[in-house]
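What follows is the content of target_21.txt, which has compact mmCIF, C-alpha atoms and all ligand atoms:
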```
# COMPACT_ATOMS: atom_id res chain seq x y z
CA MET A 1 0.00 0.00 0.00
CA SER A 2 1.44 3.40 -0.99
CA ARG A 3 1.73 6.05 1.66
CA ILE A 4 0.24 9.52 1.72
CA PHE A 5 1.21 12.37 3.98
CA SER A 6 -0.34 15.78 4.35
CA GLY A 7 -0.29 18.64 6.82
CA ILE A 8 -2.43 21.55 7.90
CA GLN A 9 -1.65 24.56 10.04
CA PRO A 10 -3.49 24.83 13.36
CA SER A 11 -5.40 27.92 12.29
CA GLY A 12 -8.37 26.97 14.50
CA ASP A 13 -11.36 26.27 12.34
CA LEU A 14 -11.31 24.55 8.99
CA HIS A 15 -12.78 26.59 6.16
CA VAL A 16 -14.41 25.54 2.92
CA GLY A 17 -11.14 26.25 1.02
CA ASN A 18 -8.90 23.85 2.88
CA TYR A 19 -11.79 21.39 3.11
CA LEU A 20 -12.35 21.27 -0.67
CA GLY A 21 -8.67 21.68 -1.59
CA ALA A 22 -7.32 19.06 0.78
CA VAL A 23 -9.24 17.65 3.74
CA LYS A 24 -12.20 16.20 1.83
CA ASN A 25 -9.65 14.37 -0.29
CA TRP A 26 -7.86 13.08 2.82
CA VAL A 27 -11.13 11.61 4.04
CA ALA A 28 -11.62 9.78 0.73
CA LEU A 29 -7.99 8.68 0.36
CA GLN A 30 -7.53 7.36 3.91
CA HIS A 31 -9.17 4.11 2.80
CA GLN A 32 -6.93 3.65 -0.24
CA PHE A 33 -3.54 4.57 1.21
CA GLU A 34 -1.63 4.21 4.44
CA SER A 35 -2.29 7.78 5.59
CA PHE A 36 -0.50 10.26 7.85
CA PHE A 37 -2.20 13.59 8.61
CA CYS A 38 -0.33 16.10 10.69
CA ILE A 39 -1.32 19.34 12.42
CA VAL A 40 1.83 21.32 11.76
CA ASN A 41 2.30 23.49 14.84
CA TYR A 42 6.06 23.96 14.24
CA HIS A 43 5.17 25.62 10.94
CA ALA A 44 2.61 27.82 12.70
CA ILE A 45 5.06 29.34 15.20
CA ILE A 46 6.92 31.32 12.55
CA ALA A 47 4.14 33.93 12.90
CA PRO A 48 3.67 35.81 16.20
CA TYR A 49 1.26 33.96 18.51
CA GLU A 50 0.01 33.47 22.07
CA PRO A 51 0.85 30.03 23.53
CA ALA A 52 -2.63 29.47 25.05
CA ASP A 53 -4.23 30.48 21.77
CA LEU A 54 -2.04 28.09 19.75
CA ARG A 55 -2.94 25.25 22.12
CA ARG A 56 -6.66 25.98 21.61
CA ARG A 57 -6.32 26.29 17.84
CA THR A 58 -4.43 23.00 17.68
CA HIS A 59 -7.17 21.23 19.60
CA ASP A 60 -9.90 22.86 17.50
CA MET A 61 -8.17 21.82 14.28
CA ALA A 62 -8.10 18.22 15.51
CA VAL A 63 -11.82 18.48 16.31
CA GLY A 64 -12.50 19.83 12.81
CA LEU A 65 -10.51 17.08 11.09
CA LEU A 66 -12.16 14.31 13.08
CA ALA A 67 -15.58 15.85 12.50
CA ALA A 68 -14.88 16.17 8.77
CA GLY A 69 -14.35 12.41 8.64
CA ILE A 70 -10.74 11.57 9.39
CA ASP A 71 -11.02 8.21 11.10
CA PRO A 72 -8.24 7.80 13.67
CA THR A 73 -8.61 4.03 13.57
CA VAL A 74 -7.81 4.07 9.85
CA ALA A 75 -5.47 7.06 9.38
CA THR A 76 -2.69 8.35 11.61
CA LEU A 77 -3.64 11.83 12.88
CA TYR A 78 -1.24 13.66 15.19
CA VAL A 79 0.42 16.95 16.06
CA GLN A 80 3.88 17.68 14.60
CA SER A 81 5.55 18.62 17.91
CA GLN A 82 4.56 15.22 19.33
CA VAL A 83 7.08 13.60 16.95
CA PRO A 84 10.50 15.26 17.42
CA GLU A 85 11.99 13.45 14.41
CA HIS A 86 10.34 16.08 12.16
CA THR A 87 12.67 18.84 13.34
CA GLU A 88 15.68 16.52 13.52
CA LEU A 89 15.29 15.50 9.89
CA ALA A 90 14.61 19.13 8.92
CA TRP A 91 18.05 20.14 10.20
CA ILE A 92 19.66 17.31 8.26
CA LEU A 93 17.84 18.30 5.08
CA ASN A 94 18.81 21.95 5.54
CA THR A 95 22.41 20.89 4.97
CA ILE A 96 21.67 19.67 1.42
CA THR A 97 19.12 22.32 0.36
CA PRO A 98 20.48 25.09 -1.88
CA LEU A 99 19.73 28.55 -0.49
CA GLY A 100 18.66 29.74 -3.95
CA GLU A 101 15.84 27.17 -4.03
CA LEU A 102 14.45 28.60 -0.79
CA GLU A 103 14.83 32.23 -1.83
CA ARG A 104 12.81 31.71 -5.00
CA GLN A 105 9.75 30.19 -3.26
CA THR A 106 6.84 32.52 -4.01
CA GLN A 107 5.28 32.12 -0.55
CA PHE A 108 8.59 33.18 1.02
CA LYS A 109 8.95 36.17 -1.31
CA ASP A 110 5.34 37.27 -0.67
CA LYS A 111 5.52 37.01 3.09
CA ALA A 112 9.08 38.37 3.42
CA SER A 113 8.18 41.44 1.37
CA ARG A 114 5.49 42.32 3.93
CA GLN A 115 7.74 41.95 7.03
CA GLU A 116 10.22 44.37 8.53
CA GLN A 117 12.38 41.66 10.02
CA VAL A 118 12.37 38.26 8.30
CA MET A 119 13.07 35.27 10.52
CA ALA A 120 15.17 32.33 9.32
CA GLY A 121 12.21 30.03 10.03
CA LEU A 122 10.23 31.65 7.22
CA LEU A 123 12.97 30.86 4.72
CA ASN A 124 13.42 27.31 6.02
CA TYR A 125 9.68 26.59 6.24
CA PRO A 126 9.65 24.39 3.09
CA VAL A 127 12.57 22.32 4.39
CA LEU A 128 10.51 21.37 7.45
CA GLN A 129 7.67 20.58 5.05
CA ALA A 130 9.99 18.32 3.04
CA ALA A 131 11.07 16.63 6.29
CA ASP A 132 7.41 16.03 7.23
CA ILE A 133 6.81 14.17 3.98
CA LEU A 134 10.13 12.35 3.63
CA LEU A 135 10.06 11.12 7.23
CA TYR A 136 7.21 8.81 6.19
CA ARG A 137 8.72 8.22 2.73
CA ALA A 138 5.32 9.22 1.34
CA ASP A 139 4.72 8.92 -2.42
CA VAL A 140 1.61 11.07 -2.63
CA VAL A 141 0.71 14.37 -0.95
CA PRO A 142 -2.92 15.55 -1.23
CA VAL A 143 -2.80 19.37 -1.16
CA GLY A 144 -4.23 22.50 -2.73
CA GLU A 145 -2.48 24.30 -5.57
CA ASP A 146 -0.64 26.75 -3.29
CA GLN A 147 1.52 23.89 -1.99
CA VAL A 148 2.71 22.64 -5.38
CA GLN A 149 5.90 24.71 -5.37
CA HIS A 150 6.79 23.47 -1.89
CA LEU A 151 6.38 19.93 -3.16
CA GLU A 152 8.73 20.61 -6.06
CA LEU A 153 11.28 21.61 -3.46
CA SER A 154 10.62 18.40 -1.51
CA ARG A 155 11.50 16.47 -4.67
CA VAL A 156 14.73 18.44 -5.10
CA VAL A 157 15.63 17.72 -1.48
CA ALA A 158 14.85 14.00 -1.84
CA ARG A 159 16.89 13.83 -5.04
CA ASN A 160 19.87 15.64 -3.50
CA TRP A 161 19.89 13.45 -0.44
CA ASN A 162 19.53 10.23 -2.46
CA ALA A 163 22.35 11.28 -4.82
CA ARG A 164 24.68 11.98 -1.93
CA PHE A 165 23.85 9.20 0.55
CA SER A 166 21.93 6.47 -1.25
CA PRO A 167 23.00 6.63 -4.92
CA ASP A 168 22.39 2.96 -5.83
CA THR A 169 18.84 2.57 -4.54
CA PRO A 170 17.00 5.84 -3.91
CA PHE A 171 15.92 5.83 -0.26
CA PHE A 172 13.40 8.67 -0.40
CA PRO A 173 10.62 8.58 -3.01
CA GLU A 174 10.04 11.86 -4.84
CA PRO A 175 6.60 12.88 -3.54
CA GLN A 176 3.89 13.88 -6.02
CA PRO A 177 1.05 16.32 -5.27
CA LYS A 178 -2.53 15.11 -5.58
CA LEU A 179 -4.92 17.93 -6.37
CA THR A 180 -8.71 18.08 -6.23
CA PRO A 181 -11.02 19.70 -8.81
CA THR A 182 -11.18 22.66 -6.36
CA ARG A 183 -7.42 23.12 -6.25
CA ARG A 184 -7.73 26.86 -5.48
CA LEU A 185 -10.97 28.10 -3.99
CA VAL A 186 -11.44 31.85 -4.24
CA GLY A 187 -12.56 33.67 -1.09
CA LEU A 188 -15.79 35.58 -0.51
CA ASP A 189 -14.14 38.78 -1.75
CA GLY A 190 -14.07 37.10 -5.17
CA GLN A 191 -10.37 37.92 -5.56
CA ALA A 192 -7.80 36.20 -3.39
CA LYS A 193 -7.52 32.54 -2.37
CA MET A 194 -9.84 31.69 0.50
CA SER A 195 -7.65 32.01 3.55
CA LYS A 196 -8.14 32.52 7.26
CA SER A 197 -5.57 35.32 7.35
CA LEU A 198 -7.51 37.27 4.70
CA GLY A 199 -10.83 36.98 6.55
CA ASN A 200 -12.63 35.87 3.37
CA THR A 201 -13.65 32.39 4.50
CA ILE A 202 -16.75 30.34 5.12
CA GLY A 203 -15.99 28.26 8.20
CA LEU A 204 -16.86 24.59 8.02
CA LEU A 205 -18.53 24.73 11.41
CA GLU A 206 -20.53 27.93 10.92
CA THR A 207 -24.31 27.85 11.32
CA PRO A 208 -26.58 28.09 8.25
CA ASP A 209 -27.58 31.64 9.29
CA ALA A 210 -23.96 32.76 9.58
CA ILE A 211 -23.15 31.18 6.20
CA TRP A 212 -26.12 32.89 4.56
CA ASP A 213 -25.02 36.28 5.97
CA LYS A 214 -21.73 35.76 4.12
CA LEU A 215 -23.11 34.23 0.91
CA ARG A 216 -25.82 36.81 0.31
CA PRO A 217 -23.45 39.74 -0.37
CA ALA A 218 -20.74 37.57 -2.04
CA VAL A 219 -19.47 38.81 -5.40
CA THR A 220 -20.95 37.18 -8.54
CA ASP A 221 -20.50 37.70 -12.30
CA PRO A 222 -20.21 41.52 -12.61
CA ALA A 223 -22.28 41.42 -15.85
CA ARG A 224 -25.36 40.52 -13.78
CA GLN A 225 -26.45 43.89 -12.47
CA ARG A 226 -30.14 42.93 -12.69
CA LYS A 227 -31.94 39.58 -12.71
CA THR A 228 -32.71 40.10 -16.42
CA ASP A 229 -29.00 40.38 -17.35
CA PRO A 230 -27.71 37.05 -18.69
CA GLY A 231 -24.62 35.81 -16.83
CA ASN A 232 -21.70 33.50 -17.36
CA PRO A 233 -21.25 31.02 -14.50
CA ASP A 234 -17.56 30.64 -15.37
CA LEU A 235 -17.07 34.30 -14.50
CA CYS A 236 -18.83 33.95 -11.15
CA PRO A 237 -15.84 33.86 -8.83
CA ILE A 238 -17.11 31.76 -5.96
CA ILE A 239 -20.78 30.79 -6.11
CA TYR A 240 -20.48 28.61 -9.20
CA GLN A 241 -17.23 27.08 -7.90
CA LEU A 242 -19.08 26.14 -4.71
CA HIS A 243 -22.07 24.76 -6.63
CA ARG A 244 -19.75 22.49 -8.58
CA ALA A 245 -18.25 21.24 -5.33
CA PHE A 246 -21.40 20.84 -3.23
CA SER A 247 -24.43 20.50 -5.51
CA PRO A 248 -25.57 17.43 -7.45
CA GLU A 249 -24.83 17.42 -11.19
CA GLY A 250 -28.47 18.16 -12.08
CA THR A 251 -28.44 21.31 -9.95
CA VAL A 252 -25.15 22.46 -11.46
CA ARG A 253 -26.72 22.15 -14.94
CA GLU A 254 -29.82 24.00 -13.74
CA VAL A 255 -27.63 26.80 -12.35
CA GLU A 256 -25.78 27.06 -15.67
CA GLU A 257 -28.99 27.31 -17.71
CA ASN A 258 -30.77 29.70 -15.37
CA CYS A 259 -27.74 31.98 -15.07
CA ARG A 260 -27.03 32.11 -18.83
CA GLY A 261 -30.74 32.47 -19.60
CA ALA A 262 -31.28 35.14 -16.89
CA LYS A 263 -34.07 33.06 -15.37
CA TRP A 264 -32.64 33.01 -11.85
CA GLY A 265 -31.31 35.98 -9.96
CA CYS A 266 -28.05 35.54 -8.06
CA ILE A 267 -30.01 35.29 -4.81
CA ASP A 268 -31.98 32.28 -6.17
CA CYS A 269 -28.71 30.68 -7.14
CA LYS A 270 -27.19 31.37 -3.72
CA LYS A 271 -30.26 29.94 -1.95
CA SER A 272 -29.94 26.72 -3.90
CA LEU A 273 -26.23 26.61 -2.99
CA LEU A 274 -27.01 27.19 0.68
CA THR A 275 -29.31 24.16 0.75
CA ASN A 276 -26.62 21.85 -0.62
CA LEU A 277 -23.81 23.39 1.41
CA VAL A 278 -25.76 23.07 4.64
CA ALA A 279 -26.71 19.46 3.81
CA GLU A 280 -23.03 18.52 3.65
CA LEU A 281 -21.82 20.68 6.54
CA THR A 282 -24.54 20.02 9.13
CA PRO A 283 -23.41 16.49 10.07
CA ILE A 284 -19.82 17.80 10.34
CA ARG A 285 -20.93 20.62 12.64
CA GLU A 286 -22.92 18.20 14.78
CA ARG A 287 -19.97 15.81 15.15
CA ALA A 288 -17.74 18.76 16.08
CA THR A 289 -20.17 19.91 18.79
CA GLU A 290 -20.18 16.40 20.22
CA LEU A 291 -16.36 16.21 20.18
CA GLN A 292 -16.00 19.64 21.77
CA SER A 293 -17.80 18.34 24.81
CA HIS A 294 -15.40 15.34 25.00
CA PRO A 295 -11.91 16.87 24.73
CA GLU A 296 -10.37 13.69 26.17
CA ARG A 297 -11.47 11.72 23.08
CA VAL A 298 -9.61 14.17 20.86
CA THR A 299 -6.45 14.07 22.98
CA GLU A 300 -6.56 10.29 23.02
CA ALA A 301 -6.91 10.08 19.23
CA LEU A 302 -3.90 12.40 18.79
CA ASP A 303 -1.80 10.46 21.31
CA ILE A 304 -2.51 7.16 19.57
CA GLY A 305 -1.68 8.79 16.22
CA ALA A 306 1.58 10.23 17.55
CA ALA A 307 2.64 6.84 18.91
CA LYS A 308 2.02 5.23 15.48
CA ALA A 309 3.80 8.07 13.65
CA ARG A 310 6.82 7.86 15.97
CA VAL A 311 7.45 4.22 15.04
CA ILE A 312 7.83 5.04 11.32
CA ALA A 313 9.63 8.33 12.01
CA HIS A 314 12.16 6.57 14.20
CA GLN A 315 12.80 3.84 11.60
CA THR A 316 13.40 6.40 8.84
CA LEU A 317 15.67 8.60 10.92
CA THR A 318 17.70 5.61 12.10
CA GLU A 319 18.39 4.61 8.49
CA VAL A 320 19.14 8.20 7.51
CA LYS A 321 21.65 8.65 10.33
CA ASN A 322 23.26 5.31 9.59
CA LYS A 323 23.77 6.22 5.95
CA MET A 324 25.18 9.62 6.95
CA GLY A 325 27.70 8.42 9.52
CA LEU A 326 25.84 9.99 12.43
CA PRO A 327 26.07 7.79 15.55
CA LEU A 328 22.76 6.87 17.15
CA ALA A 329 22.03 7.40 20.84
P1 LIG A 401 -2.42 25.23 5.02
O1 LIG A 401 -2.61 24.97 6.47
O2 LIG A 401 -2.34 26.65 4.57
O3 LIG A 401 -3.60 24.56 4.21
C1 LIG A 401 -3.96 23.20 4.37
C2 LIG A 401 -4.34 22.59 3.03
O4 LIG A 401 -5.47 23.27 2.49
C3 LIG A 401 -5.20 23.70 1.17
N1 LIG A 401 -5.89 24.99 0.98
C4 LIG A 401 -6.65 25.28 -0.09
N2 LIG A 401 -6.97 24.57 -1.18
C5 LIG A 401 -7.77 25.16 -2.10
N3 LIG A 401 -8.26 26.42 -1.97
C6 LIG A 401 -7.97 27.17 -0.90
N4 LIG A 401 -8.47 28.39 -0.78
C7 LIG A 401 -7.12 26.62 0.11
N5 LIG A 401 -6.63 27.07 1.30
C8 LIG A 401 -5.88 26.06 1.81
C9 LIG A 401 -3.67 23.88 1.13
O5 LIG A 401 -3.19 23.81 -0.18
C10 LIG A 401 -3.23 22.71 1.99
O6 LIG A 401 -3.17 21.52 1.24
N6 LIG A 401 2.48 24.40 4.23
C11 LIG A 401 1.18 23.75 4.42
C12 LIG A 401 1.12 22.76 5.56
C13 LIG A 401 2.13 21.65 5.51
C14 LIG A 401 2.11 20.54 4.62
C15 LIG A 401 3.23 19.75 5.00
C16 LIG A 401 1.27 20.14 3.58
C17 LIG A 401 3.20 21.51 6.31
N7 LIG A 401 3.86 20.34 6.03
C18 LIG A 401 3.51 18.56 4.32
C19 LIG A 401 1.56 18.96 2.90
C20 LIG A 401 2.68 18.18 3.27
C21 LIG A 401 0.13 24.82 4.71
O7 LIG A 401 0.45 25.87 5.23
O8 LIG A 401 -1.16 24.43 4.47
```
Rewrite the structure from the file as structure tokens, please.
Amino acid sequence: MSRIFSGIQPSGDLHVGNYLGAVKNWVALQHQFESFFCIVNYHAIIAPYEPADLRRRTHDMAVGLLAAGIDPTVATLYVQSQVPEHTELAWILNTITPLGELERQTQFKDKASRQEQVMAGLLNYPVLQAADILLYRADVVPVGEDQVQHLELSRVVARNWNARFSPDTPFFPEPQPKLTPTRRLVGLDGQAKMSKSLGNTIGLLETPDAIWDKLRPAVTDPARQRKTDPGNPDLCPIIYQLHRAFSPEGTVREVEENCRGAKWGCIDCKKSLLTNLVAELTPIRERATELQSHPERVTEALDIGAAKARVIAHQTLTEVKNKMGLPLA
């Protein structure tokens, strides 16, 4: 059975973007692959934070993932800092990662350009990401489009390490991204990627009323000033994208026809979306409410996951150190 690995930052609540771009896929793939899903709190601490807040967000992210359908008896779900081998391998990989590869990462350039003082952790972020994946020698990494460049770097790192320390039989596989049809969901502003830090999200655990308050004013095809103006669903930045992800095929066709033929107004279209969105999200929200009142179940699931992850992580790191002439404890 091939292995998959993926990670998510402990940003608190899941939103529809990371759900459609990654987590929904994790839930489907956990039955086909040996799966490792990690809440990457070491990645999160490169931004300023409050310790108590990070602890809460980490717990809430675990609740969201379990509620969304990650089954801890099938997949291995854990928190990055519970498995110290992640940071140990990251240091090792830093020694064979060309600086130029890190400096040209678009996420680094974007974030660094907006900061007065850039910390080394921001530059080295993708090396820790490579370590996450390579520690489990994962072949496949289900992610959204914004992670594709980081995965290219993971392949460079794997290739460099193999060439130097395991030239005859490559030890690390070169991990491939696995994208979903919603590889980049636009946010409610209709412009940028849906992202917690931009405040343009629909939270997975929000109530139908709260979701409707956000959907109603959301940007649609600018050509549709009035109900009688024909529209083009492909130019509707978010509503049509969400219909394709949440509504049955028949509804998606109906939306197309009624938008192009100016038979539905955008509010009709949004109401139909709300029905389908709420149908998928309600059971998730109910499971999350249940889990929130049993925090011990969440902690237990993470502890079991961490114990399983540590076994593989330890095996990989032992072989890595052996091949590199680094004595073991
Ligand atoms: P993060 O926490 O920003 O996002 C988690 C996953 O959700 C996807 N995603 C989206 N997909 C489509 N549309 C969107 N609007 C959207 N927003 C988020 C992301 O692509 C991602 O798959 N660096 C990673 C975390 C990480 C990781 C790893 C991922 C650390 N180590 C190893 C894979 C493998 C990140 O910050 O994801």
### Query
When you draw a straight line from atom CA of A:Glu290 to atom C20 of ligand LIG 401 (chain A), how long is it in Å?
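Computing the Euclidean distance for atom CA of A:Glu290 and atom C20 of ligand LIG 401 (chain A) yields 28.5 Å.
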Centre and size of axis-aligned box enclosing ligand LIG 401 (chain A) plus 5 Å each side, as JSON:
```
{"center_x": -2.3, "center_y": 23.3, "center_z": 2.2, "size_x": 22.3, "size_y": 20.2, "size_z": 18.6}
```
### Length of the atom CA of A:Thr220 to atom CA of A:His243 vector [Å]
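Answer for the atom CA of A:Thr220 to atom CA of A:His243 separation: 12.6 Å.
Among A:Ile133, A:Ala47, A:Val74, A:Ala68, the residue with the shortest atom-to-atom distance to ligand LIG 401 (chain A), counting all atoms listed in the file, is A:Ile133.
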### At most 9 Å from ligand LIG 401 (chain A) (only C-alpha atoms and all ligand atoms): residue list as a ChimeraX atom specification
/A:5-11,14-23,37-44,80,125-126,128-133,141-148,150-151,177,179-180,182-187,192-196,201
Keeping only C-alpha atoms, write those residues as a CSV table (one decimal), in the frame of the given file.
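Wrote it out as part-v4.csv, contents follow:
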```csv
chain,number,residue,atom,x,y,z
A,5,PHE,CA,1.2,12.4,4.0
A,6,SER,CA,-0.3,15.8,4.4
A,7,GLY,CA,-0.3,18.6,6.8
A,8,ILE,CA,-2.4,21.6,7.9
A,9,GLN,CA,-1.6,24.6,10.0
A,10,PRO,CA,-3.5,24.8,13.4
A,11,SER,CA,-5.4,27.9,12.3
A,14,LEU,CA,-11.3,24.6,9.0
A,15,HIS,CA,-12.8,26.6,6.2
A,16,VAL,CA,-14.4,25.5,2.9
A,17,GLY,CA,-11.1,26.2,1.0
A,18,ASN,CA,-8.9,23.8,2.9
A,19,TYR,CA,-11.8,21.4,3.1
A,20,LEU,CA,-12.4,21.3,-0.7
A,21,GLY,CA,-8.7,21.7,-1.6
A,22,ALA,CA,-7.3,19.1,0.8
A,23,VAL,CA,-9.2,17.6,3.7
A,37,PHE,CA,-2.2,13.6,8.6
A,38,CYS,CA,-0.3,16.1,10.7
A,39,ILE,CA,-1.3,19.3,12.4
A,40,VAL,CA,1.8,21.3,11.8
A,41,ASN,CA,2.3,23.5,14.8
A,42,TYR,CA,6.1,24.0,14.2
A,43,HIS,CA,5.2,25.6,10.9
A,44,ALA,CA,2.6,27.8,12.7
A,80,GLN,CA,3.9,17.7,14.6
A,125,TYR,CA,9.7,26.6,6.2
A,126,PRO,CA,9.6,24.4,3.1
A,128,LEU,CA,10.5,21.4,7.4
A,129,GLN,CA,7.7,20.6,5.0
A,130,ALA,CA,10.0,18.3,3.0
A,131,ALA,CA,11.1,16.6,6.3
A,132,ASP,CA,7.4,16.0,7.2
A,133,ILE,CA,6.8,14.2,4.0
A,141,VAL,CA,0.7,14.4,-1.0
A,142,PRO,CA,-2.9,15.6,-1.2
A,143,VAL,CA,-2.8,19.4,-1.2
A,144,GLY,CA,-4.2,22.5,-2.7
A,145,GLU,CA,-2.5,24.3,-5.6
A,146,ASP,CA,-0.6,26.8,-3.3
A,147,GLN,CA,1.5,23.9,-2.0
A,148,VAL,CA,2.7,22.6,-5.4
A,150,HIS,CA,6.8,23.5,-1.9
A,151,LEU,CA,6.4,19.9,-3.2
A,177,PRO,CA,1.0,16.3,-5.3
A,179,LEU,CA,-4.9,17.9,-6.4
A,180,THR,CA,-8.7,18.1,-6.2
A,182,THR,CA,-11.2,22.7,-6.4
A,183,ARG,CA,-7.4,23.1,-6.2
A,184,ARG,CA,-7.7,26.9,-5.5
A,185,LEU,CA,-11.0,28.1,-4.0
A,186,VAL,CA,-11.4,31.8,-4.2
A,187,GLY,CA,-12.6,33.7,-1.1
A,192,ALA,CA,-7.8,36.2,-3.4
A,193,LYS,CA,-7.5,32.5,-2.4
A,194,MET,CA,-9.8,31.7,0.5
A,195,SER,CA,-7.6,32.0,3.6
A,196,LYS,CA,-8.1,32.5,7.3
A,201,THR,CA,-13.6,32.4,4.5
```
### Message
If I take atom CA of A:Phe171 and atom CA of A:Gly325, how far is one from the other in Å, to one decimal?
### Response
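Atom CA of A:Gly325 lies 15.5 Å from atom CA of A:Phe171.
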### Message
Residues within 10 Å of (11.4, 24.5, -3.9), file coordinates, counting only C-alpha atoms: what are they? Give the list as a VMD selection string.
### Response
chain A and resid 97 to 106 126 to 127 130 148 to 157
### Message
Which residue is closest to A:Pro208? Choose from A:Ala288, A:Cys269, A:Ala223, A:Ala279 and count only C-alpha atoms.
### Response
A:Ala279
### Task
Taking the point (-18.5, 27.1, 13.6) as given in the file, collect each protein or nucleic acid residue that comes within 12 Å of it, counting only C-alpha atoms, and present the set as a PyMOL selection string.
chain A and resi 12-16+60-61+63-64+67+201-211+281-282+284-289+292
#### Entry: Among the residues A:Met119, A:Asn322, A:Asn25, A:Leu134, the one that comes closest to A:Leu65 [using all atoms listed in the file]
A:Asn25
